[in-house]
Amino acid sequence: MTTSISAVNAGNSAASEAVTKKSSLSNDTKARLEALGITATEGMTESEAQAKIAAAEQRDNAQNEGREQQGNSSEAEIMADVKSLAAKVGVSVASDEDVADILDDIAAELEVMLEEAETNPAILSQLSTYLSELTSLDDQYQSIQNSQASMYSAMNMVSTNNKIALGLT
């Protein structure tokens, strides 16, 4: 019977050693590992954990930069698509004109074209294509505007939090 008790005690000792080794990481490090989706392994040292955190943050930053570049290019792509649609519809566009203004001009021109199409039903399918393209571009543009507004709001919140933390307000 003492053999089994010794085995249980040895198992408990090993388990408490594993918990002790795992808990040798600071609470901050554990939280950062968890937030990045990295599991703390048995026997991981603080420096190993910090290295993994730095690598994961560097990877995330690279991905975020890629998304930002895509966001910038998508706004330029939408502008190019809007100008292309304007040319198809016959709306002249100034080089410094805003996307929203161009979209409004295209919508106004399509309304005029629809009124004229009542007497010529053959061009209704083409106008339907233009309208769906206009709707799609408008939705994409609104999505970009909403994303930018969210970003600015988040930046404002960070700014306010920094001011509060520094006692500037």
# chains A, B, ... in the order shown; residues from 1 in each chain; ligands from 1

call {"tool": "select_by_dssp", "arguments": {"residues": "stretch 15-142 of chain A", "states": "alpha helix (DSSP H)", "output": "number ranges by chain"}}
result
A: 15-22, 27-35, 46-89, 99-117, 124-142

call {"tool": "residues_around", "arguments": {"residues": "A:Ala87", "least_positions_apart": "3", "cutoff": "12 Å", "atoms": "only C-alpha atoms", "output": "MDAnalysis selection string"}}
result
chainID A and resid 80:84 90:94 102:103 105:106 109 130

call {"tool": "residues_around", "arguments": {"residues": "A:Ala54", "least_positions_apart": "5", "cutoff": "12 Å", "atoms": "only C-alpha atoms", "output": "count of residues only"}}
result
11

call {"tool": "closest_residue", "arguments": {"among": "A:Ser24, A:Ser143, A:Ser132, A:Ser153", "to": "A:Ala107", "atoms": "only C-alpha atoms"}}
result
A:Ser132

call {"tool": "closest_residue", "arguments": {"among": "A:Ala56, A:Leu131, A:Ala51, A:Glu77", "to": "A:Val89", "atoms": "only C-alpha atoms"}}
result
A:Leu131

call {"tool": "atom_distance", "arguments": {"atom1": "atom CA of A:Asn146", "atom2": "atom CA of A:Asp101"}}
result
17.2 Å
